[in-house]
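*Asks:* Structure provided below as structure tokens; questions to follow.
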Amino acid sequence: MSPRVSVIVPTYDRAHALGESVASLLAERDVDLEVVVVDDGSTDGTAALLAGLGDPRVRPVIRPHAGIAAARNAGIAAARAPYIAFHDSDDLALPGRLAVPLAFLAAHPDVDLVIQNGRMLPPEGDPGGREEPWIKPSVARALAAGPIGVAEVFRWNLGQLQGMCFTRRALDATGPLDPSFTILDDLDLVLRVTLRFRAVFLDVPAFAYRRHAAGVARDRERIREEAIRLAEKLVREHPETLDRLGRRVFVRRQARRWGRLATARLRAGDARGARAALAEARALHPGNVAYRLRALWLALRGRE
């Protein structure tokens, strides 16, 4: 029997966490699923671990290392089900991760994407850290109150794919994930999907997210750079998006991103790069006094 949902799990050198992560998916009850684990060129014994799982629902795809977007695309190409979910190889799927969105999609054929909340586990190595929701309660209530479109995804950066379930038709229509993004390929995909298809948010936790001290999400400078490029790509390829986002809202947000990138570069010791980023912020929002004062301070600092 063909699976009802394919879960794409890209992985790279995470054999230490992969077994538990996949087991959390296989524990889902009353769901016909396949778990497509894409080994993106691991060198730590991942392939042997997958071979030893002994569960026919797990389908390994072994490929040379090419990054997470390419791995996800390979998983989608290998998937056989009409619904596609994603999972990170070091996170845990919570009970109902698949059953909840599949039931909703079956009852609402006009919806092509279900977005669920998640739990952010305490930071690794922080015994006093607290667990937090991915989407804060006040925001979650607002998102759950109506349909989700590109404006909501853009505003709240709704890009955690391990909390989402898509119809295959939506993914086929919007094209592959963009491998030029090393961090925000997920958000880029969700923005494109919600431009054309209806989405909803369910305030039900679907995943437990492990926060690593050295994780890629800690690279704030790269995140700022990709966020700026992602937004520019969105309006370049889909100019109609500006009407949904609001031109003023979009421009101000881009200016803030350039301003934050300037701060990140300065902290990294790149004063020249900080000045260049701040010039972009000022060009987008010339009336902002804070940007002008920071630019003056940087200019004076450069003369020291």
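Every chain in the structure tokens takes a letter, A first, then B, and so on in the order presented; its residues are numbered from 1, and the ligands are numbered from 1 following the presented order.
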So that I can see what lies close to range 105-116 of chain A, please list as a PyMOL selection string the residues with an atom at most 7 Å from it, counting only C-alpha atoms and leaving out residues fewer than 4 positions away in the same chain.
*Replies:* chain A and resi 101+163-167+170+197-206
*Asks:* Create the file for the chosen residues now, containing N, CA and C atoms and written as a PDB file, in the first residue's frame.
*Replies:*
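Saved to again.pdb:
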```pdb
ATOM      1  N   PRO A 101      -2.155  17.194  11.231  1.00  0.00           N
ATOM      2  CA  PRO A 101      -2.306  17.909   9.960  1.00  0.00           C
ATOM      3  C   PRO A 101      -2.991  17.087   8.880  1.00  0.00           C
ATOM      4  N   GLY A 163       7.502  21.706  11.508  1.00  0.00           N
ATOM      5  CA  GLY A 163       6.157  21.881  12.040  1.00  0.00           C
ATOM      6  C   GLY A 163       5.120  22.010  10.940  1.00  0.00           C
ATOM      7  N   MET A 164       5.451  21.594   9.722  1.00  0.00           N
ATOM      8  CA  MET A 164       4.566  21.826   8.586  1.00  0.00           C
ATOM      9  C   MET A 164       4.262  20.547   7.812  1.00  0.00           C
ATOM     10  N   CYS A 165       3.109  20.547   7.156  1.00  0.00           N
ATOM     11  CA  CYS A 165       2.714  19.452   6.270  1.00  0.00           C
ATOM     12  C   CYS A 165       2.097  20.074   5.024  1.00  0.00           C
ATOM     13  N   PHE A 166       2.619  19.716   3.851  1.00  0.00           N
ATOM     14  CA  PHE A 166       2.220  20.291   2.571  1.00  0.00           C
ATOM     15  C   PHE A 166       1.493  19.257   1.713  1.00  0.00           C
ATOM     16  N   THR A 167       0.646  19.731   0.824  1.00  0.00           N
ATOM     17  CA  THR A 167       0.174  18.850  -0.248  1.00  0.00           C
ATOM     18  C   THR A 167       1.282  18.767  -1.296  1.00  0.00           C
ATOM     19  N   ALA A 170       1.111  21.499  -4.027  1.00  0.00           N
ATOM     20  CA  ALA A 170       1.644  22.824  -3.720  1.00  0.00           C
ATOM     21  C   ALA A 170       3.155  22.863  -3.928  1.00  0.00           C
ATOM     22  N   PHE A 197      -1.127  29.401  -2.402  1.00  0.00           N
ATOM     23  CA  PHE A 197      -1.972  28.388  -1.784  1.00  0.00           C
ATOM     24  C   PHE A 197      -2.388  28.809  -0.384  1.00  0.00           C
ATOM     25  N   ARG A 198      -3.490  28.239   0.063  1.00  0.00           N
ATOM     26  CA  ARG A 198      -4.034  28.584   1.368  1.00  0.00           C
ATOM     27  C   ARG A 198      -3.329  27.784   2.462  1.00  0.00           C
ATOM     28  N   ALA A 199      -3.055  28.443   3.565  1.00  0.00           N
ATOM     29  CA  ALA A 199      -2.402  27.805   4.706  1.00  0.00           C
ATOM     30  C   ALA A 199      -3.152  28.157   5.982  1.00  0.00           C
ATOM     31  N   VAL A 200      -2.988  27.313   7.002  1.00  0.00           N
ATOM     32  CA  VAL A 200      -3.580  27.575   8.316  1.00  0.00           C
ATOM     33  C   VAL A 200      -2.531  27.278   9.382  1.00  0.00           C
ATOM     34  N   PHE A 201      -2.741  27.869  10.548  1.00  0.00           N
ATOM     35  CA  PHE A 201      -1.874  27.622  11.695  1.00  0.00           C
ATOM     36  C   PHE A 201      -2.678  26.942  12.786  1.00  0.00           C
ATOM     37  N   LEU A 202      -2.153  25.838  13.310  1.00  0.00           N
ATOM     38  CA  LEU A 202      -2.762  25.127  14.429  1.00  0.00           C
ATOM     39  C   LEU A 202      -1.815  25.224  15.618  1.00  0.00           C
ATOM     40  N   ASP A 203      -2.320  25.735  16.717  1.00  0.00           N
ATOM     41  CA  ASP A 203      -1.477  25.909  17.903  1.00  0.00           C
ATOM     42  C   ASP A 203      -1.374  24.598  18.676  1.00  0.00           C
ATOM     43  N   VAL A 204      -0.805  23.611  18.001  1.00  0.00           N
ATOM     44  CA  VAL A 204      -0.581  22.280  18.567  1.00  0.00           C
ATOM     45  C   VAL A 204       0.893  21.950  18.335  1.00  0.00           C
ATOM     46  N   PRO A 205       1.680  21.670  19.361  1.00  0.00           N
ATOM     47  CA  PRO A 205       3.106  21.416  19.147  1.00  0.00           C
ATOM     48  C   PRO A 205       3.350  20.133  18.352  1.00  0.00           C
ATOM     49  N   ALA A 206       4.189  20.241  17.329  1.00  0.00           N
ATOM     50  CA  ALA A 206       4.479  19.109  16.454  1.00  0.00           C
ATOM     51  C   ALA A 206       5.897  18.584  16.625  1.00  0.00           C
TER      52      ALA A 206
END
```
*Asks:* Could you list, as a PDB file with N, CA and C atoms, in the first residue's frame, every residue within 12 Å of Leu177 in chain A, counting only C-alpha atoms and ignoring same-chain residues fewer than 6 positions away?
*Replies:*
```pdb
ATOM      1  N   GLY A  67      24.400  20.228   0.620  1.00  0.00           N
ATOM      2  CA  GLY A  67      23.670  21.197   1.420  1.00  0.00           C
ATOM      3  C   GLY A  67      22.231  20.792   1.674  1.00  0.00           C
ATOM      4  N   ILE A  68      21.615  21.462   2.657  1.00  0.00           N
ATOM      5  CA  ILE A  68      20.306  21.039   3.135  1.00  0.00           C
ATOM      6  C   ILE A  68      19.204  21.234   2.104  1.00  0.00           C
ATOM      7  N   ALA A  69      19.246  22.319   1.326  1.00  0.00           N
ATOM      8  CA  ALA A  69      18.195  22.538   0.326  1.00  0.00           C
ATOM      9  C   ALA A  69      18.234  21.455  -0.739  1.00  0.00           C
ATOM     10  N   ALA A  70      19.425  21.129  -1.208  1.00  0.00           N
ATOM     11  CA  ALA A  70      19.550  20.076  -2.209  1.00  0.00           C
ATOM     12  C   ALA A  70      19.113  18.731  -1.647  1.00  0.00           C
ATOM     13  N   ALA A  71      19.428  18.473  -0.373  1.00  0.00           N
ATOM     14  CA  ALA A  71      19.008  17.221   0.252  1.00  0.00           C
ATOM     15  C   ALA A  71      17.485  17.152   0.355  1.00  0.00           C
ATOM     16  N   ARG A  72      16.864  18.243   0.751  1.00  0.00           N
ATOM     17  CA  ARG A  72      15.404  18.265   0.820  1.00  0.00           C
ATOM     18  C   ARG A  72      14.786  18.053  -0.561  1.00  0.00           C
ATOM     19  N   ASN A  73      15.376  18.672  -1.578  1.00  0.00           N
ATOM     20  CA  ASN A  73      14.864  18.478  -2.940  1.00  0.00           C
ATOM     21  C   ASN A  73      14.981  17.022  -3.374  1.00  0.00           C
ATOM     22  N   ALA A  74      16.093  16.370  -3.017  1.00  0.00           N
ATOM     23  CA  ALA A  74      16.257  14.954  -3.351  1.00  0.00           C
ATOM     24  C   ALA A  74      15.208  14.108  -2.637  1.00  0.00           C
ATOM     25  N   GLY A  75      14.877  14.487  -1.404  1.00  0.00           N
ATOM     26  CA  GLY A  75      13.849  13.765  -0.669  1.00  0.00           C
ATOM     27  C   GLY A  75      12.473  13.921  -1.301  1.00  0.00           C
ATOM     28  N   ILE A  76      12.150  15.131  -1.718  1.00  0.00           N
ATOM     29  CA  ILE A  76      10.859  15.363  -2.378  1.00  0.00           C
ATOM     30  C   ILE A  76      10.775  14.548  -3.662  1.00  0.00           C
ATOM     31  N   ALA A  77      11.862  14.509  -4.424  1.00  0.00           N
ATOM     32  CA  ALA A  77      11.874  13.748  -5.677  1.00  0.00           C
ATOM     33  C   ALA A  77      11.661  12.258  -5.432  1.00  0.00           C
ATOM     34  N   LEU A 161      10.192  24.102   8.987  1.00  0.00           N
ATOM     35  CA  LEU A 161       9.505  23.076   8.199  1.00  0.00           C
ATOM     36  C   LEU A 161       9.108  21.865   9.024  1.00  0.00           C
ATOM     37  N   LEU A 171       3.854  21.822  -3.500  1.00  0.00           N
ATOM     38  CA  LEU A 171       5.305  21.785  -3.676  1.00  0.00           C
ATOM     39  C   LEU A 171       5.673  21.659  -5.146  1.00  0.00           C
ATOM     40  N   ILE A 183      20.727  28.769   5.051  1.00  0.00           N
ATOM     41  CA  ILE A 183      19.960  28.753   6.296  1.00  0.00           C
ATOM     42  C   ILE A 183      18.465  28.944   6.023  1.00  0.00           C
ATOM     43  N   LEU A 184      18.107  29.904   5.196  1.00  0.00           N
ATOM     44  CA  LEU A 184      16.714  30.305   5.041  1.00  0.00           C
ATOM     45  C   LEU A 184      16.039  29.721   3.802  1.00  0.00           C
ATOM     46  N   ASP A 185      16.515  28.592   3.332  1.00  0.00           N
ATOM     47  CA  ASP A 185      15.831  27.916   2.210  1.00  0.00           C
ATOM     48  C   ASP A 185      14.407  27.532   2.601  1.00  0.00           C
ATOM     49  N   ASP A 186      14.193  27.225   3.886  1.00  0.00           N
ATOM     50  CA  ASP A 186      12.858  26.840   4.349  1.00  0.00           C
ATOM     51  C   ASP A 186      11.882  28.013   4.283  1.00  0.00           C
ATOM     52  N   LEU A 187      12.291  29.168   4.792  1.00  0.00           N
ATOM     53  CA  LEU A 187      11.423  30.341   4.765  1.00  0.00           C
ATOM     54  C   LEU A 187      11.134  30.776   3.334  1.00  0.00           C
ATOM     55  N   ASP A 188      12.128  30.700   2.479  1.00  0.00           N
ATOM     56  CA  ASP A 188      11.931  31.031   1.061  1.00  0.00           C
ATOM     57  C   ASP A 188      10.843  30.155   0.448  1.00  0.00           C
ATOM     58  N   LEU A 189      10.862  28.867   0.770  1.00  0.00           N
ATOM     59  CA  LEU A 189       9.849  27.946   0.246  1.00  0.00           C
ATOM     60  C   LEU A 189       8.457  28.303   0.763  1.00  0.00           C
ATOM     61  N   VAL A 190       8.330  28.538   2.063  1.00  0.00           N
ATOM     62  CA  VAL A 190       7.010  28.810   2.645  1.00  0.00           C
ATOM     63  C   VAL A 190       6.427  30.108   2.098  1.00  0.00           C
ATOM     64  N   LEU A 191       7.256  31.106   1.885  1.00  0.00           N
ATOM     65  CA  LEU A 191       6.780  32.352   1.284  1.00  0.00           C
ATOM     66  C   LEU A 191       6.212  32.094  -0.110  1.00  0.00           C
ATOM     67  N   ARG A 192       6.908  31.302  -0.903  1.00  0.00           N
ATOM     68  CA  ARG A 192       6.432  31.020  -2.264  1.00  0.00           C
ATOM     69  C   ARG A 192       5.150  30.204  -2.253  1.00  0.00           C
ATOM     70  N   VAL A 193       5.050  29.256  -1.345  1.00  0.00           N
ATOM     71  CA  VAL A 193       3.836  28.440  -1.266  1.00  0.00           C
ATOM     72  C   VAL A 193       2.638  29.290  -0.869  1.00  0.00           C
TER      73      VAL A 193
END
```
*Asks:* Could you tell me how far CA of Ser6 in chain A sits from CA of Pro179 in chain A, in Å to one decimal place?
*Replies:* 21.1 Å
*Asks:* Nearest residue to Arg4 in chain A out of A:Arg257, A:Arg80, A:Thr182, A:Arg247, using only C-alpha atoms?
*Replies:*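 Result for the nearest residue to Arg4 in chain A: A:Arg80.
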*Asks:* Please provide as JSON, numbers by chain all residues within 12 Å of Asp55 in chain A, with the sequence filter that same-chain residues fewer than 2 positions apart are discarded (counting only C-alpha atoms).
*Replies:* {"A": [19, 22, 23, 25, 26, 27, 33, 34, 35, 36, 49, 50, 51, 52, 53, 57, 58, 59, 60]}
*Asks:* Can those selected residues be exported to a file as an mmCIF file, in the first residue's frame so that it contains C-alpha atoms?
*Replies:*
```cif
data_model
loop_
_atom_site.group_PDB
_atom_site.id
_atom_site.type_symbol
_atom_site.label_atom_id
_atom_site.label_comp_id
_atom_site.auth_asym_id
_atom_site.auth_seq_id
_atom_site.Cartn_x
_atom_site.Cartn_y
_atom_site.Cartn_z
ATOM 1 C CA GLY A 19 18.223 7.054 15.442
ATOM 2 C CA VAL A 22 13.635 8.773 13.228
ATOM 3 C CA ALA A 23 12.156 6.619 16.003
ATOM 4 C CA LEU A 25 8.488 9.658 13.644
ATOM 5 C CA LEU A 26 7.942 5.909 13.432
ATOM 6 C CA ALA A 27 6.126 6.021 16.771
ATOM 7 C CA LEU A 33 3.966 6.908 6.345
ATOM 8 C CA GLU A 34 7.369 6.588 4.791
ATOM 9 C CA VAL A 35 10.451 8.299 6.181
ATOM 10 C CA VAL A 36 12.800 9.373 3.394
ATOM 11 C CA LEU A 49 22.920 3.203 11.019
ATOM 12 C CA LEU A 50 20.181 3.506 8.409
ATOM 13 C CA ALA A 51 20.941 0.056 7.017
ATOM 14 C CA GLY A 52 20.552 -1.409 10.486
ATOM 15 C CA LEU A 53 17.176 0.103 11.344
ATOM 16 C CA ARG A 57 9.034 2.434 6.211
ATOM 17 C CA VAL A 58 12.494 4.021 6.255
ATOM 18 C CA ARG A 59 13.860 4.723 2.756
ATOM 19 C CA PRO A 60 17.473 5.944 2.709
#
```
*Asks:* Rank nothing, just name the residue among A:Phe207, A:Pro147, A:Leu261, A:Glu232 nearest to Asp219 in chain A, using only C-alpha atoms.
*Replies:*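 Residue with the minimum atom-to-atom distance to Asp219 in chain A: A:Leu261.
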*Asks:* Pull the alpha helix (DSSP H) assignments for range 28-269 of chain A out of DSSP run on the backbone, and list those residues as an MDAnalysis selection string.
*Replies:* chainID A and resid 46:51 68:78 99:107 137:144 150:156 168:174 185:196 220:237 241:245 247:267
*Asks:* List every residue of range 116-294 of chain A that DSSP, applied to the backbone, labels as strand (DSSP E), and write the result as a PyMOL selection string.
*Replies:* chain A and resi 116-120+132-133+164-167+199-209
*Asks:* Could you save those same residues with C-alpha atoms as a PDB file, in the first residue's frame?
*Replies:*
```pdb
ATOM      1  CA  GLN A 116       1.901  23.823  13.679  1.00  0.00           C
ATOM      2  CA  ASN A 117       3.619  25.176  16.739  1.00  0.00           C
ATOM      3  CA  GLY A 118       6.647  23.546  18.328  1.00  0.00           C
ATOM      4  CA  ARG A 119       8.613  23.365  21.565  1.00  0.00           C
ATOM      5  CA  MET A 120      12.082  24.871  21.801  1.00  0.00           C
ATOM      6  CA  GLU A 132       9.738  27.788  25.172  1.00  0.00           C
ATOM      7  CA  PRO A 133       7.139  27.606  22.405  1.00  0.00           C
ATOM      8  CA  MET A 164       4.566  21.826   8.586  1.00  0.00           C
ATOM      9  CA  CYS A 165       2.714  19.452   6.270  1.00  0.00           C
ATOM     10  CA  PHE A 166       2.220  20.291   2.571  1.00  0.00           C
ATOM     11  CA  THR A 167       0.174  18.850  -0.248  1.00  0.00           C
ATOM     12  CA  ALA A 199      -2.402  27.805   4.706  1.00  0.00           C
ATOM     13  CA  VAL A 200      -3.580  27.575   8.316  1.00  0.00           C
ATOM     14  CA  PHE A 201      -1.874  27.622  11.695  1.00  0.00           C
ATOM     15  CA  LEU A 202      -2.762  25.127  14.429  1.00  0.00           C
ATOM     16  CA  ASP A 203      -1.477  25.909  17.903  1.00  0.00           C
ATOM     17  CA  VAL A 204      -0.581  22.280  18.567  1.00  0.00           C
ATOM     18  CA  PRO A 205       3.106  21.416  19.147  1.00  0.00           C
ATOM     19  CA  ALA A 206       4.479  19.109  16.454  1.00  0.00           C
ATOM     20  CA  PHE A 207       8.191  19.001  17.256  1.00  0.00           C
ATOM     21  CA  ALA A 208      10.776  19.479  19.976  1.00  0.00           C
ATOM     22  CA  TYR A 209      13.673  21.585  18.729  1.00  0.00           C
TER      23      TYR A 209
END
```
*Asks:* From the options A:Arg155, A:Lys136, A:Arg196, A:Arg222, which residue's atoms come nearest to Arg252 in chain A, counting only C-alpha atoms?
*Replies:*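 So, comparing all the options, the nearest one is A:Arg155.
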*Asks:* Would you work out the distance separating CA of Ala295 in chain A from CA of Leu230 in chain A, expressed in Å to one decimal?
*Replies:*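 Distance reported for this atom pair: 25.0 Å.
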